[in-house]
file entry_5.pdb (PDB, C-alpha atoms)
ATOM      1  CA  MET A   1       5.811  19.122   3.059
ATOM      2  CA  THR A   2       2.080  18.830   2.366
ATOM      3  CA  ILE A   3       1.444  18.052  -1.292
ATOM      4  CA  GLY A   4      -2.265  17.260  -1.473
ATOM      5  CA  GLN A   5      -4.955  14.923  -0.204
ATOM      6  CA  VAL A   6      -6.431  11.465  -0.657
ATOM      7  CA  ALA A   7      -8.966  11.564  -3.490
ATOM      8  CA  GLU A   8      -9.987   7.869  -3.668
ATOM      9  CA  LEU A   9      -9.325   4.590  -1.865
ATOM     10  CA  TRP A  10      -9.722   1.177  -3.476
ATOM     11  CA  ARG A  11      -9.481  -2.441  -2.438
ATOM     12  CA  PHE A  12      -9.721  -5.480  -4.690
ATOM     13  CA  PRO A  13     -11.149  -8.474  -2.798
ATOM     14  CA  VAL A  14     -10.269 -10.872  -5.633
ATOM     15  CA  LYS A  15      -7.029 -10.573  -7.586
ATOM     16  CA  SER A  16      -7.599  -9.453 -11.215
ATOM     17  CA  LEU A  17     -11.323  -8.815 -10.710
ATOM     18  CA  GLY A  18     -12.870  -5.367 -10.407
ATOM     19  CA  GLY A  19     -12.786  -3.935  -6.910
ATOM     20  CA  GLU A  20     -14.702  -1.610  -4.629
ATOM     21  CA  GLN A  21     -14.189   2.031  -3.740
ATOM     22  CA  VAL A  22     -14.195   2.760   0.000
ATOM     23  CA  GLU A  23     -14.250   5.903   2.132
ATOM     24  CA  HIS A  24     -11.660   4.692   4.638
ATOM     25  CA  ALA A  25      -9.171   1.846   4.896
ATOM     26  CA  GLU A  26      -6.938   0.209   7.456
ATOM     27  CA  ILE A  27      -3.405  -0.274   6.114
ATOM     28  CA  SER A  28      -0.848  -2.642   7.655
ATOM     29  CA  PRO A  29       2.452  -4.107   6.369
ATOM     30  CA  ARG A  30       0.301  -6.503   4.330
ATOM     31  CA  GLY A  31      -1.422  -3.585   2.613
ATOM     32  CA  VAL A  32      -5.058  -2.477   2.613
ATOM     33  CA  LEU A  33      -7.211  -4.629   4.891
ATOM     34  CA  GLY A  34      -9.218  -6.966   2.664
ATOM     35  CA  ASP A  35      -7.166  -6.343  -0.461
ATOM     36  CA  ARG A  36      -6.687  -9.443  -2.642
ATOM     37  CA  LEU A  37      -7.555 -12.048  -0.037
ATOM     38  CA  TRP A  38      -9.006 -14.168  -2.845
ATOM     39  CA  ALA A  39      -7.664 -15.217  -6.237
ATOM     40  CA  VAL A  40      -8.721 -17.288  -9.220
ATOM     41  CA  HIS A  41      -6.627 -20.420  -9.595
ATOM     42  CA  ASP A  42      -5.976 -21.671 -13.142
ATOM     43  CA  LEU A  43      -6.337 -25.449 -12.777
ATOM     44  CA  GLU A  44      -4.872 -26.228 -16.202
ATOM     45  CA  ARG A  45      -1.675 -24.222 -15.704
ATOM     46  CA  GLY A  46      -1.504 -24.750 -11.952
ATOM     47  CA  VAL A  47      -0.921 -21.061 -11.171
ATOM     48  CA  THR A  48      -2.763 -18.052  -9.796
ATOM     49  CA  ALA A  49      -4.623 -16.518 -12.730
ATOM     50  CA  SER A  50      -3.909 -12.961 -13.819
ATOM     51  CA  ALA A  51      -5.747 -10.493 -16.031
ATOM     52  CA  ARG A  52      -2.581 -10.424 -18.136
ATOM     53  CA  GLN A  53      -3.405 -13.921 -19.409
ATOM     54  CA  LEU A  54      -7.170 -13.930 -18.733
ATOM     55  CA  PRO A  55      -8.342 -10.337 -19.364
ATOM     56  CA  VAL A  56     -11.996 -11.399 -19.156
ATOM     57  CA  LEU A  57     -11.587 -11.581 -15.367
ATOM     58  CA  LEU A  58     -11.659  -7.775 -15.309
ATOM     59  CA  THR A  59     -15.277  -7.818 -16.519
ATOM     60  CA  ALA A  60     -16.430  -9.276 -13.176
ATOM     61  CA  LYS A  61     -16.244  -7.365  -9.902
ATOM     62  CA  ALA A  62     -16.062  -8.373  -6.256
ATOM     63  CA  ARG A  63     -17.178  -6.915  -2.945
ATOM     64  CA  TYR A  64     -17.376  -7.991   0.666
ATOM     65  CA  LEU A  65     -20.809  -8.655   2.124
ATOM     66  CA  GLY A  66     -20.016  -6.790   5.334
ATOM     67  CA  PRO A  67     -17.216  -5.050   7.230
ATOM     68  CA  VAL A  68     -13.877  -6.801   6.908
ATOM     69  CA  PRO A  69     -12.789  -7.994  10.379
ATOM     70  CA  PRO A  70      -9.502  -6.512  11.615
ATOM     71  CA  ASP A  71      -7.891  -9.968  11.842
ATOM     72  CA  ALA A  72      -8.690 -10.887   8.220
ATOM     73  CA  GLY A  73      -5.652 -12.151   6.341
ATOM     74  CA  PRO A  74      -3.865 -15.365   5.352
ATOM     75  CA  GLY A  75      -5.931 -18.328   6.501
ATOM     76  CA  ASN A  76      -8.770 -16.080   7.737
ATOM     77  CA  VAL A  77     -10.665 -14.794   4.713
ATOM     78  CA  PRO A  78     -14.207 -13.365   4.863
ATOM     79  CA  GLU A  79     -16.959 -14.211   2.398
ATOM     80  CA  VAL A  80     -16.944 -12.337  -0.889
ATOM     81  CA  GLU A  81     -19.591 -11.724  -3.536
ATOM     82  CA  ILE A  82     -18.865 -11.648  -7.294
ATOM     83  CA  THR A  83     -21.014  -9.917  -9.908
ATOM     84  CA  PHE A  84     -20.606 -11.321 -13.434
ATOM     85  CA  PRO A  85     -20.992  -9.470 -16.750
ATOM     86  CA  ASP A  86     -24.421 -11.075 -17.315
ATOM     87  CA  GLY A  87     -25.673  -9.605 -14.033
ATOM     88  CA  ALA A  88     -25.535 -12.847 -12.051
ATOM     89  CA  THR A  89     -24.287 -12.479  -8.479
ATOM     90  CA  LEU A  90     -22.786 -15.397  -6.553
ATOM     91  CA  SER A  91     -21.139 -15.663  -3.169
ATOM     92  CA  SER A  92     -17.880 -17.458  -2.464
ATOM     93  CA  SER A  93     -19.969 -19.896  -0.387
ATOM     94  CA  ASP A  94     -22.201 -20.751  -3.369
ATOM     95  CA  GLY A  95     -21.577 -24.245  -4.725
ATOM     96  CA  GLY A  96     -21.811 -22.996  -8.316
ATOM     97  CA  ILE A  97     -19.191 -20.257  -8.050
ATOM     98  CA  ASN A  98     -16.354 -22.234  -9.659
ATOM     99  CA  ALA A  99     -18.501 -23.378 -12.580
ATOM    100  CA  LYS A 100     -19.588 -19.771 -13.196
ATOM    101  CA  LEU A 101     -15.993 -18.510 -13.031
ATOM    102  CA  SER A 102     -14.869 -21.282 -15.397
ATOM    103  CA  GLU A 103     -17.621 -20.309 -17.826
ATOM    104  CA  LEU A 104     -16.395 -16.717 -17.724
ATOM    105  CA  ALA A 105     -12.718 -17.659 -18.109
ATOM    106  CA  GLY A 106     -13.288 -20.250 -20.814
ATOM    107  CA  ARG A 107     -11.203 -22.771 -18.883
ATOM    108  CA  ALA A 108     -11.261 -24.663 -15.587
ATOM    109  CA  VAL A 109     -10.597 -22.294 -12.693
ATOM    110  CA  GLU A 110     -11.565 -22.080  -9.043
ATOM    111  CA  LEU A 111     -11.944 -19.311  -6.495
ATOM    112  CA  THR A 112      -9.254 -19.700  -3.834
ATOM    113  CA  ALA A 113      -8.871 -18.020  -0.453
ATOM    114  CA  LEU A 114      -5.451 -16.828   0.681
ATOM    115  CA  PRO A 115      -3.983 -19.745   2.674
ATOM    116  CA  PRO A 116      -2.041 -19.486   5.945
ATOM    117  CA  ILE A 117       1.293 -17.750   5.446
ATOM    118  CA  GLU A 118       3.315 -20.950   5.944
ATOM    119  CA  ASP A 119       1.427 -22.636   3.061
ATOM    120  CA  THR A 120       3.182 -21.587  -0.169
ATOM    121  CA  SER A 121       1.519 -24.166  -2.425
ATOM    122  CA  LEU A 122      -0.588 -21.576  -4.271
ATOM    123  CA  HIS A 123       2.398 -19.280  -4.785
ATOM    124  CA  ARG A 124       5.273 -21.613  -5.645
ATOM    125  CA  LEU A 125       6.250 -22.075  -9.303
ATOM    126  CA  ASN A 126       7.703 -25.319 -10.593
ATOM    127  CA  ARG A 127      10.817 -25.349 -12.758
ATOM    128  CA  GLU A 128       8.915 -25.190 -16.039
ATOM    129  CA  GLN A 129       6.676 -22.369 -14.796
ATOM    130  CA  ARG A 130       9.686 -20.389 -13.559
ATOM    131  CA  ALA A 131      11.430 -20.714 -16.916
ATOM    132  CA  ASP A 132       8.287 -19.633 -18.771
ATOM    133  CA  ALA A 133       7.558 -16.679 -16.465
ATOM    134  CA  MET A 134      11.061 -15.227 -16.880
ATOM    135  CA  SER A 135      11.469 -15.952 -20.603
ATOM    136  CA  PRO A 136      11.848 -12.919 -22.890
ATOM    137  CA  ALA A 137       8.799 -14.028 -24.901
ATOM    138  CA  SER A 138       6.577 -14.111 -21.801
ATOM    139  CA  LEU A 139       7.930 -10.785 -20.560
ATOM    140  CA  ARG A 140       7.273  -9.171 -23.937
ATOM    141  CA  ALA A 141       3.702 -10.471 -23.962
ATOM    142  CA  ALA A 142       3.063  -9.312 -20.382
ATOM    143  CA  PHE A 143       4.398  -5.797 -20.994
ATOM    144  CA  GLY A 144       3.118  -5.467 -24.562
ATOM    145  CA  VAL A 145       6.632  -4.890 -25.930
ATOM    146  CA  PRO A 146       7.174  -5.558 -29.665
ATOM    147  CA  ASP A 147      10.219  -7.583 -30.749
ATOM    148  CA  ARG A 148      12.033  -4.509 -32.009
ATOM    149  CA  GLU A 149      11.873  -2.710 -28.641
ATOM    150  CA  LYS A 150      13.818  -3.198 -25.425
ATOM    151  CA  LEU A 151      12.232  -4.818 -22.419
ATOM    152  CA  PRO A 152      11.369  -2.507 -19.486
ATOM    153  CA  ASP A 153      14.166  -1.483 -17.163
ATOM    154  CA  VAL A 154      13.682  -3.601 -14.030
ATOM    155  CA  SER A 155      16.788  -2.312 -12.278
ATOM    156  CA  MET A 156      14.575  -0.412  -9.823
ATOM    157  CA  VAL A 157      13.266  -3.719  -8.438
ATOM    158  CA  ARG A 158      14.987  -4.824  -5.239
ATOM    159  CA  VAL A 159      17.139  -7.935  -5.548
ATOM    160  CA  SER A 160      15.075  -9.694  -2.871
ATOM    161  CA  ASP A 161      11.912  -9.021  -4.889
ATOM    162  CA  LEU A 162      13.525 -10.291  -8.098
ATOM    163  CA  VAL A 163      14.334 -13.530  -6.268
ATOM    164  CA  THR A 164      10.730 -13.767  -5.068
ATOM    165  CA  LEU A 165       9.359 -13.154  -8.563
ATOM    166  CA  ALA A 166      11.604 -15.902  -9.938
ATOM    167  CA  ARG A 167      10.235 -18.464  -7.454
ATOM    168  CA  TYR A 168       6.613 -17.504  -6.844
ATOM    169  CA  SER A 169       3.611 -16.306  -8.861
ATOM    170  CA  THR A 170       2.828 -13.906  -5.991
ATOM    171  CA  PRO A 171       4.741 -13.290  -2.744
ATOM    172  CA  PRO A 172       3.899 -15.917  -0.083
ATOM    173  CA  GLY A 173       1.163 -14.678   2.199
ATOM    174  CA  MET A 174      -0.173 -12.279  -0.452
ATOM    175  CA  PHE A 175      -2.017 -12.300  -3.764
ATOM    176  CA  VAL A 176      -0.549  -8.936  -4.856
ATOM    177  CA  ASP A 177       1.911  -9.013  -7.759
ATOM    178  CA  LEU A 178       4.712  -7.426  -5.761
ATOM    179  CA  ALA A 179       4.092  -4.552  -3.320
ATOM    180  CA  PRO A 180       1.499  -4.156  -0.542
ATOM    181  CA  VAL A 181       0.301  -0.679  -1.587
ATOM    182  CA  HIS A 182      -0.019   0.974  -4.991
ATOM    183  CA  VAL A 183      -0.282   4.792  -5.136
ATOM    184  CA  MET A 184      -1.087   7.066  -8.085
ATOM    185  CA  THR A 185      -1.882  10.730  -8.666
ATOM    186  CA  LYS A 186      -4.636  12.355 -10.683
ATOM    187  CA  ASN A 187      -1.856  14.270 -12.463
ATOM    188  CA  SER A 188      -0.506  11.080 -14.012
ATOM    189  CA  LEU A 189      -3.979   9.955 -15.070
ATOM    190  CA  ALA A 190      -4.517  13.305 -16.777
ATOM    191  CA  THR A 191      -1.110  13.132 -18.479
ATOM    192  CA  ILE A 192      -1.812   9.730 -20.031
ATOM    193  CA  GLY A 193      -5.348  10.807 -20.892
ATOM    194  CA  ALA A 194      -3.979  13.789 -22.795
ATOM    195  CA  GLU A 195      -1.552  11.499 -24.619
ATOM    196  CA  VAL A 196      -4.354   9.119 -25.628
ATOM    197  CA  GLY A 197      -6.894  11.856 -26.309
ATOM    198  CA  SER A 198      -9.544  10.780 -23.795
ATOM    199  CA  ASP A 199     -10.132  10.772 -20.056
ATOM    200  CA  MET A 200      -8.535   7.891 -18.170
ATOM    201  CA  ASP A 201     -10.708   5.859 -15.827
ATOM    202  CA  VAL A 202      -8.702   5.162 -12.659
ATOM    203  CA  ARG A 203      -9.937   1.556 -12.730
ATOM    204  CA  ARG A 204      -7.594   0.863 -15.639
ATOM    205  CA  PHE A 205      -4.591   1.243 -13.320
ATOM    206  CA  ARG A 206      -6.012  -0.344 -10.135
ATOM    207  CA  PRO A 207      -4.312   1.768  -7.430
ATOM    208  CA  ASN A 208      -5.154   1.425  -3.758
ATOM    209  CA  VAL A 209      -4.666   5.154  -3.151
ATOM    210  CA  LEU A 210      -5.374   7.949  -5.649
ATOM    211  CA  LEU A 211      -4.008  11.377  -4.693
ATOM    212  CA  ALA A 212      -5.179  14.844  -5.697
ATOM    213  CA  LEU A 213      -2.150  17.139  -5.536
ATOM    214  CA  ASP A 214      -2.193  20.856  -4.813
ATOM    215  CA  ASP A 215       0.062  21.414  -7.830
ATOM    216  CA  SER A 216      -2.099  20.122 -10.672
ATOM    217  CA  GLU A 217       0.378  21.238 -13.350
ATOM    218  CA  GLU A 218       2.995  18.530 -12.750
ATOM    219  CA  ASP A 219       2.832  15.805 -15.380
ATOM    220  CA  LEU A 220       4.188  12.718 -13.586
ATOM    221  CA  PRO A 221       4.958  13.827 -10.019
ATOM    222  CA  GLU A 222       5.278  10.402  -8.391
ATOM    223  CA  SER A 223       8.117   9.513 -10.765
ATOM    224  CA  ARG A 224      10.325  11.657  -8.472
ATOM    225  CA  TRP A 225       9.259  10.003  -5.210
ATOM    226  CA  THR A 226      11.307   6.798  -5.240
ATOM    227  CA  GLY A 227      13.152   6.579  -1.922
ATOM    228  CA  ALA A 228      10.894   9.157  -0.275
ATOM    229  CA  HIS A 229       8.321   8.665   2.485
ATOM    230  CA  LEU A 230       4.638   9.501   2.129
ATOM    231  CA  ALA A 231       2.550  10.297   5.192
ATOM    232  CA  VAL A 232      -1.024   9.456   4.198
ATOM    233  CA  GLY A 233      -3.460   9.952   7.044
ATOM    234  CA  GLU A 234      -2.085   7.875   9.929
ATOM    235  CA  VAL A 235       0.064   5.760   7.587
ATOM    236  CA  VAL A 236       3.693   6.203   6.541
ATOM    237  CA  LEU A 237       4.629   4.603   3.220
ATOM    238  CA  ASP A 238       8.123   3.898   1.903
ATOM    239  CA  VAL A 239       8.067   4.660  -1.833
ATOM    240  CA  THR A 240      10.260   1.868  -3.132
ATOM    241  CA  MET A 241       9.908   1.885  -6.927
ATOM    242  CA  PRO A 242       7.851   3.096  -9.867
ATOM    243  CA  THR A 243       5.060   0.769 -11.001
ATOM    244  CA  ILE A 244       6.185  -0.944 -14.199
ATOM    245  CA  ARG A 245       3.090  -1.261 -16.358
ATOM    246  CA  CYS A 246       1.972  -4.388 -18.171
ATOM    247  CA  VAL A 247      -0.873  -4.661 -20.698
ATOM    248  CA  VAL A 248      -3.691  -4.761 -18.103
ATOM    249  CA  PRO A 249      -4.534  -0.999 -18.301
ATOM    250  CA  SER A 250      -5.415  -1.464 -21.968
ATOM    251  CA  ARG A 251      -7.966  -4.217 -21.239
ATOM    252  CA  ALA A 252     -11.748  -3.807 -21.278
ATOM    253  CA  GLN A 253     -13.759  -3.385 -18.082
ATOM    254  CA  PRO A 254     -17.425  -2.522 -17.471
ATOM    255  CA  GLY A 255     -17.895   0.954 -18.909
ATOM    256  CA  PHE A 256     -14.910   1.060 -21.266
ATOM    257  CA  GLU A 257     -13.482  -0.994 -24.103
ATOM    258  CA  VAL A 258     -10.033  -2.285 -25.059
ATOM    259  CA  ASN A 259      -7.679   0.610 -25.831
ATOM    260  CA  ARG A 260      -4.179  -0.457 -26.839
ATOM    261  CA  GLN A 261      -3.162   3.191 -27.112
ATOM    262  CA  VAL A 262      -2.957   3.233 -23.313
ATOM    263  CA  THR A 263      -0.011   0.820 -23.269
ATOM    264  CA  ARG A 264       1.745   2.825 -25.968
ATOM    265  CA  ALA A 265       1.089   6.150 -24.204
ATOM    266  CA  VAL A 266       2.520   4.876 -20.906
ATOM    267  CA  ALA A 267       5.570   3.550 -22.771
ATOM    268  CA  THR A 268       6.326   6.742 -24.696
ATOM    269  CA  ARG A 269       5.257   9.349 -22.126
ATOM    270  CA  ALA A 270       6.255   7.643 -18.875
ATOM    271  CA  GLU A 271       8.893   5.038 -19.849
ATOM    272  CA  ARG A 272       6.417   2.229 -19.082
ATOM    273  CA  CYS A 273       6.018   3.315 -15.436
ATOM    274  CA  LEU A 274       2.982   4.975 -13.880
ATOM    275  CA  GLY A 275       2.316   5.282 -10.171
ATOM    276  CA  VAL A 276       4.528   3.938  -7.385
ATOM    277  CA  TYR A 277       4.793   0.755  -5.344
ATOM    278  CA  CYS A 278       5.064   1.280  -1.601
ATOM    279  CA  TRP A 279       5.909  -0.800   1.419
ATOM    280  CA  VAL A 280       4.381   0.155   4.766
ATOM    281  CA  GLU A 281       6.658   1.714   7.374
ATOM    282  CA  SER A 282       3.861   2.271   9.894
ATOM    283  CA  GLY A 283       0.218   1.350   9.560
ATOM    284  CA  GLY A 284      -3.046   2.963  10.575
ATOM    285  CA  ARG A 285      -6.236   4.353   9.095
ATOM    286  CA  VAL A 286      -6.560   6.437   5.947
ATOM    287  CA  ARG A 287      -9.673   8.357   4.946
ATOM    288  CA  VAL A 288     -10.695  10.117   1.759
ATOM    289  CA  GLY A 289      -9.753  13.762   2.253
ATOM    290  CA  ASP A 290      -6.762  13.055   4.506
ATOM    291  CA  ARG A 291      -3.769  15.246   3.782
ATOM    292  CA  VAL A 292      -0.628  13.803   2.233
ATOM    293  CA  ASP A 293       2.915  14.854   3.166
ATOM    294  CA  VAL A 294       6.138  13.836   1.450
ATOM    295  CA  GLN A 295       9.612  13.592   2.962
ATOM    296  CA  PRO A 296      12.006  13.744  -0.022
ATOM    297  CA  VAL A 297      14.820  11.257  -0.455
ATOM    298  CA  THR A 298      18.203  12.495   0.772
ATOM    299  CA  ALA A 299      21.033  13.038  -1.706
ATOM    300  CA  PRO A 300      23.334  10.276  -0.290
ATOM    301  CA  ARG A 301      20.516   7.743  -0.397
ATOM    302  CA  ARG A 302      19.708   8.691  -3.975
ATOM    303  CA  LEU A 303      23.352   8.270  -5.023
ATOM    304  CA  LEU A 304      23.515   4.804  -3.456
ATOM    305  CA  ALA A 305      20.262   3.796  -5.132
ATOM    306  CA  ASP A 306      21.471   5.060  -8.514
ATOM    307  CA  ALA A 307      24.708   3.058  -8.209
ATOM    308  CA  ALA A 308      22.805  -0.109  -7.306
ATOM    309  CA  ARG A 309      20.452   0.379 -10.244
ATOM    310  CA  ARG A 310      23.350   0.760 -12.675
ATOM    311  CA  ALA A 311      24.866  -2.513 -11.485
ATOM    312  CA  LYS A 312      21.562  -4.382 -11.723
ATOM    313  CA  ARG A 313      20.779  -2.826 -15.110
ATOM    314  CA  PHE A 314      24.075  -4.099 -16.510
ATOM    315  CA  THR A 315      23.620  -7.622 -15.125
ATOM    316  CA  PHE A 316      19.986  -7.922 -16.125
ATOM    317  CA  GLY A 317      20.709  -6.480 -19.558
ATOM    318  CA  LEU A 318      23.270  -9.182 -20.244
ATOM    319  CA  ALA A 319      20.878 -11.930 -19.152
ATOM    320  CA  THR A 320      17.808 -10.728 -21.034
ATOM    321  CA  GLY A 321      19.815  -9.855 -24.128
ATOM    322  CA  ALA A 322      21.162 -13.384 -24.360
ATOM    323  CA  GLY A 323      17.747 -14.868 -23.652
ATOM    324  CA  ASP A 324      16.111 -12.673 -26.262
ATOM    325  CA  ARG A 325      18.555 -13.869 -28.928
ATOM    326  CA  LEU A 326      18.113 -17.517 -27.998
ATOM    327  CA  SER A 327      14.313 -17.292 -28.021
ATOM    328  CA  ARG A 328      14.000 -15.991 -31.586
TER     329      ARG A 328
END
call {"tool": "encode", "arguments": {"input": "entry_5.pdb", "output": "C-alpha cells"}}
result
Amino acid sequence: MTIGQVAELWRFPVKSLGGEQVEHAEISPRGVLGDRLWAVHDLERGVTASARQLPVLLTAKARYLGPVPPDAGPGNVPEVEITFPDGATLSSSDGGINAKLSELAGRAVELTALPPIEDTSLHRLNREQRADAMSPASLRAAFGVPDREKLPDVSMVRVSDLVTLARYSTPPGMFVDLAPVHVMTKNSLATIGAEVGSDMDVRRFRPNVLLALDDSEEDLPESRWTGAHLAVGEVVLDVTMPTIRCVVPSRAQPGFEVNRQVTRAVATRAERCLGVYCWVESGGRVRVGDRVDVQPVTAPRRLLADAARRAKRFTFGLATGAGDRLSR
C-alpha cells in the first residue's frame, strides 16, 4: 500500500554533530552510506561523546569533501570537514582539529574514525561505565525524566539490543546509538509543533529519512508501524521499534535555541517516542521523491510481539524500580 514519498534524506558524518541533507543515498545493512563514520571521543571519560552529555557538539556541523566511496565503512573512512560556530572550518586531516574540538567541548576530546569492525576498543564500556550508563539517575538525565515520573518503557527494545547497550557505548562497527536507519514523518513533526506552539525543525530529531504522507491528517502514523515493512525506493526496511526520545531534540542548534517544551511535548503527546528505528532487510538507492509503501504487520506477529513486550516490561520494571529506590 503506497502511503507517500520521501521528502528529505539526511546523513550525519560525525556522531552528535550537525549533518548534511542529500538528494539520494545508498542504504545497506549498516545504514546510510557515510552516516556516522566519525565520532568525538571524550578522553576524560574514555567513551564516545554524545550530545546528551555535550550538547554544544550540535552547534558544529560536518560534511564530506566529495562523494563517499561505495566501500566506505569501518576501517575505511573518508575525509570530513567540520564547520564551527565561529565560522572556522577545519578538515579531519588538519593537525589543529582536536584542539578546536576540545575548545568547543570545554574538555579534552579527539575526532575518531570508525575502526575496523573487529576492533571494539572505542565501543566497549568498562564495569564502572556500564554501571553508570544503566543507573536510574543516568537514564533520567538522558531522557529528561523528573524523579516523580516513570522511566520510559523500553520493553520494545530487542533483548539482543539491550545486551549490546549494556556492554557498549555504540554497537561495534557503528557509531549510531542503536539502529542503522531512523525514519520520521512530517505528520509527527507537525503534531509536536502544534503541541509546543511553533514549527519543528527536522534537525532537532535527526532522522535519516523524512516522509511526506498522502494522509496529512494522521497525528503520529509511524507509531503503528512496528513490525511492518517499509519499501522506500529500492530499499526494504524492517520497522523494529519506536524511537525513544532523549533530551537531544530540546538542545540548541544553529538557527534555533534551547526549547525544553519539546521534551515535554514528546512525553505527553507521544509517550516519549517519535519516529521509528529500522533495520535493513534489503539495501539499494533511495532518492528524494521516491514513493513509500508499507506492508502492515500480521495479527499473529503482533500478538507474539505484544506478549514478549509484556514479559520484558515486567522484568525491566522490577529491575529499574529497585535501582531507582536504591539510588535516592
call {"tool": "residues_around", "arguments": {"input": "entry_5.pdb", "residues": "range 14-22 of chain A", "least_positions_apart": "3", "cutoff": "6 Å", "atoms": "only C-alpha atoms", "output": "PyMOL selection string"}}
result
chain A and resi 9-11+36+38-39+50-51+57-58+60-62
call {"tool": "residues_near_point", "arguments": {"input": "entry_5.pdb", "point": "(-10.6, 8.2, -1.6)", "cutoff": "10 Å", "atoms": "all atoms listed in the file", "output": "ChimeraX atom specification"}}
result
/A:5-10,21-25,208-212,286-290
call {"tool": "resolve_selection", "arguments": {"input": "entry_5.pdb", "expression": "the PyMOL selection byres ((chain A and resi 42) around 10)", "output": "list in words"}}
result
Ala39, Val40, His41, Leu43, Glu44, Arg45, Gly46, Val47, Thr48, Ala49, Ser50, Leu54, Ser102, Ala105, Arg107, Ala108, Val109, Glu110 and Leu111 of chain A
call {"tool": "closest_residue", "arguments": {"input": "entry_5.pdb", "among": "A:Val276, A:Leu151, A:Ile82, A:Ile192", "to": "Pro13 in chain A", "atoms": "all atoms listed in the file"}}
result
A:Ile82
call {"tool": "residues_around", "arguments": {"input": "entry_5.pdb", "residues": "Ile27 in chain A", "least_positions_apart": "5", "cutoff": "8 Å", "atoms": "all atoms listed in the file", "output": "count of residues only"}}
result
8
call {"tool": "atom_distance", "arguments": {"input": "entry_5.pdb", "atom1": "CA of Glu79 in chain A", "atom2": "CA of Ser282 in chain A"}}
result
27.6 Å
call {"tool": "closest_residue", "arguments": {"input": "entry_5.pdb", "among": "A:Ala252, A:Ala72, A:Ala99, A:Leu162", "to": "Leu114 in chain A", "atoms": "only C-alpha atoms"}}
result
A:Ala72
call {"tool": "atom_distance", "arguments": {"input": "entry_5.pdb", "atom1": "CA of Thr243 in chain A", "atom2": "CA of Gly255 in chain A"}}
result
24.3 Å
call {"tool": "atom_distance", "arguments": {"input": "entry_5.pdb", "atom1": "CA of Leu90 in chain A", "atom2": "CA of Leu104 in chain A"}}
result
12.9 Å
call {"tool": "closest_residue", "arguments": {"input": "entry_5.pdb", "among": "A:Pro242, A:Pro136, A:Gly96, A:Gly193", "to": "Cys278 in chain A", "atoms": "only C-alpha atoms"}}
result
A:Pro242
call {"tool": "resolve_selection", "arguments": {"input": "entry_5.pdb", "expression": "the PyMOL selection byres ((chain A and resi 116) around 6)", "output": "list in words"}}
result
Pro74, Gly75, Pro115, Ile117, Glu118 and Asp119 of chain A
call {"tool": "build_atoms", "arguments": {"input": "entry_5.pdb", "residues": "range 71-82 of chain A", "atoms": "N, CA and C atoms", "output": "CSV table (one decimal), in the coordinates of the input"}}
result
chain,number,residue,atom,x,y,z
A,71,ASP,N,-8.8,-8.9,11.9
A,71,ASP,CA,-7.9,-10.0,11.8
A,71,ASP,C,-7.9,-10.7,10.5
A,72,ALA,N,-8.6,-10.2,9.5
A,72,ALA,CA,-8.7,-10.9,8.2
A,72,ALA,C,-7.3,-10.9,7.6
A,73,GLY,N,-7.0,-12.0,7.0
A,73,GLY,CA,-5.7,-12.2,6.3
A,73,GLY,C,-5.4,-13.6,5.9
A,74,PRO,N,-4.2,-14.0,5.8
A,74,PRO,CA,-3.9,-15.4,5.4
A,74,PRO,C,-4.5,-16.4,6.3
A,75,GLY,N,-5.3,-17.3,5.7
A,75,GLY,CA,-5.9,-18.3,6.5
A,75,GLY,C,-7.2,-17.9,7.2
A,76,ASN,N,-7.6,-16.6,7.1
A,76,ASN,CA,-8.8,-16.1,7.7
A,76,ASN,C,-9.4,-15.1,6.8
A,77,VAL,N,-10.2,-15.6,5.8
A,77,VAL,CA,-10.7,-14.8,4.7
A,77,VAL,C,-12.2,-14.7,4.7
A,78,PRO,N,-12.7,-13.5,4.8
A,78,PRO,CA,-14.2,-13.4,4.9
A,78,PRO,C,-14.9,-13.6,3.5
A,79,GLU,N,-16.2,-13.9,3.6
A,79,GLU,CA,-17.0,-14.2,2.4
A,79,GLU,C,-17.0,-13.0,1.4
A,80,VAL,N,-17.0,-13.4,0.1
A,80,VAL,CA,-16.9,-12.3,-0.9
A,80,VAL,C,-18.1,-12.6,-1.9
A,81,GLU,N,-18.5,-11.6,-2.5
A,81,GLU,CA,-19.6,-11.7,-3.5
A,81,GLU,C,-19.1,-11.2,-4.9
A,82,ILE,N,-19.3,-12.0,-6.0
A,82,ILE,CA,-18.9,-11.6,-7.3
A,82,ILE,C,-20.1,-11.4,-8.2
